[in-house]
Amino acid sequence: MKKINILFAALAVTLAFTGCSKSKVEINSVADLAGKKIGVQAGTTGEAWVQENVANVQLSSFKTGMDAALDLKNRAIDAVILDELPAKEIVARNSDLKLIHDPEFANNKEAYAIAVKKGNAKLLSVIDSTITAMQSNGEREALINAFMPADGNIKIPESETLTGSKVLKLGTNAAFPPFEYVEGKNIVGFDITMGQKIAKNADMKLEVVDMAFDSLIPALQSGTIDFIAAGMSVNEERKKNVDFSQTYFESEQVIIVRK
């Protein structure tokens, strides 16, 4: 009897410690992020926000938001901070995850714009005039309805016919739906279609170059690409390195957690 009692006692202690190690993490707002394990996409404003605003954070930076979400599902991290629309796509595909909106983010929306190399006024003029035209003739609204439909049924527009002799290189990170993502063998999305319209107005062909998000600005500076269309938010740090177009979309950060 003594041996059996000792075994049961040891088992109870083991289970007690196991239960402690899997204690539930409660995150309902940005106020709950302090001291937590947070995942972000490398090079994004979400990463910068966490670094600047979350105390005692254990930060993990990933190549894509989906990579971060997989670690969240596997309980390696406690939450993911990401732009709202790609976060919605991730949650739509993963029923065990959910979104948390917070006034901190809602009251500080981010402006998406297209980036060109410092001093490239000629290309920037074409980009700005294209955005202005799309806003006035309804093409921007049509793109929103195509890639962000209320019923969730995305309808990818037909590609623009581009006949120019020169090539315009669009740099992007094709892991950010609905702005840029891979569909079959093609990179598609809101930014890609807009890039086609920019190339058409510049009388050039378009080449889409996919790379890691945090490699985009160095690639632009080196001349590997001509402009960046990647759901990129305008901030003061980036403005030191690139010139931005006018705003073409506004978004906010959200928190992804396990249900």
# chains A, B, ... in the order shown; residues from 1 in each chain; ligands from 1
>>> residues_around(residues="A:Phe213", least_positions_apart="2", cutoff="6 Å", atoms="only C-alpha atoms", output="PyMOL selection string")
chain A and resi 173+215-216
>>> select_by_dssp(residues="stretch 10-242 of chain A", states="strand (DSSP E)", output="JSON, numbers by chain")
{"A": [37, 38, 39, 40, 41, 58, 59, 60, 61, 62, 79, 80, 81, 82, 83, 97, 98, 99, 100, 110, 111, 112, 115, 116, 117, 167, 168, 169, 170, 171, 172, 175, 176, 180, 181, 182, 183, 186, 187, 188, 205, 206, 207, 208, 209, 210, 227, 228, 242]}
>>> closest_residue(among="A:Ser222, A:Gln41, A:Asn107, A:Thr193", to="A:Pro86", atoms="only C-alpha atoms")
A:Gln41
>>> residues_around(residues="stretch 256-258 of chain A", least_positions_apart="5", cutoff="6 Å", atoms="only C-alpha atoms", output="ChimeraX atom specification")
/A:79-80,96-99
>>> write_last_selection(atoms="C-alpha atoms", output="PDB file, in the first residue's frame")
ATOM      1  CA  ALA A  79      -0.486  36.761 -29.867  1.00  0.00           C
ATOM      2  CA  VAL A  80       0.252  38.236 -33.294  1.00  0.00           C
ATOM      3  CA  ASP A  96      -9.290  28.350 -33.682  1.00  0.00           C
ATOM      4  CA  LEU A  97      -8.069  31.964 -33.948  1.00  0.00           C
ATOM      5  CA  LYS A  98      -9.863  35.284 -33.464  1.00  0.00           C
ATOM      6  CA  LEU A  99      -9.279  39.025 -33.894  1.00  0.00           C
TER       7      LEU A  99
END
>>> atom_distance(atom1="atom CA of A:Thr130", atom2="atom CA of A:Lys240")
24.0 Å
>>> closest_atom_pairs(of="stretch 172-231 of chain A", to="stretch 49-63 of chain A", cutoff="9 Å", atoms="only C-alpha atoms", output="Markdown table")
| residue | atom | partner | partner_atom | distance |
| --- | --- | --- | --- | --- |
| A:Ala175 | CA | A:Lys63 | CA | 9.0 |
| A:Ala212 | CA | A:Lys63 | CA | 6.5 |
| A:Phe213 | CA | A:Lys63 | CA | 7.6 |
| A:Asp214 | CA | A:Lys63 | CA | 8.6 |
>>> residues_around(residues="stretch 121-125 of chain A", least_positions_apart="2", cutoff="12 Å", atoms="only C-alpha atoms", output="VMD selection string")
chain A and resid 113 to 119 127 to 132 168 to 170 195 198 to 199 201 to 204 226 to 228 242 to 246
>>> select_by_dssp(residues="stretch 111-215 of chain A", states="alpha helix (DSSP H)", output="MDAnalysis selection string")
chainID A and resid 121:137 139:147 190:201
>>> atom_distance(atom1="atom CA of A:Met134", atom2="atom CA of A:Ser233")
19.5 Å
>>> closest_residue(among="A:Pro149, A:Met232, A:Ile100, A:Lys197", to="A:Glu180", atoms="only C-alpha atoms")
A:Met232
>>> residues_around(residues="A:Val167", least_positions_apart="4", cutoff="8 Å", atoms="only C-alpha atoms", output="ChimeraX atom specification")
/A:204-207
>>> write_last_selection(atoms="C-alpha atoms", output="PDB file, in the first residue's frame")
ATOM      1  CA  MET A 204       5.871  50.328 -69.803  1.00  0.00           C
ATOM      2  CA  LYS A 205       5.568  46.610 -69.159  1.00  0.00           C
ATOM      3  CA  LEU A 206       5.350  45.433 -65.549  1.00  0.00           C
ATOM      4  CA  GLU A 207       7.522  42.885 -63.774  1.00  0.00           C
TER       5      GLU A 207
END
>>> atom_distance(atom1="atom CA of A:Ile192", atom2="atom CA of A:Arg93")
22.6 Å
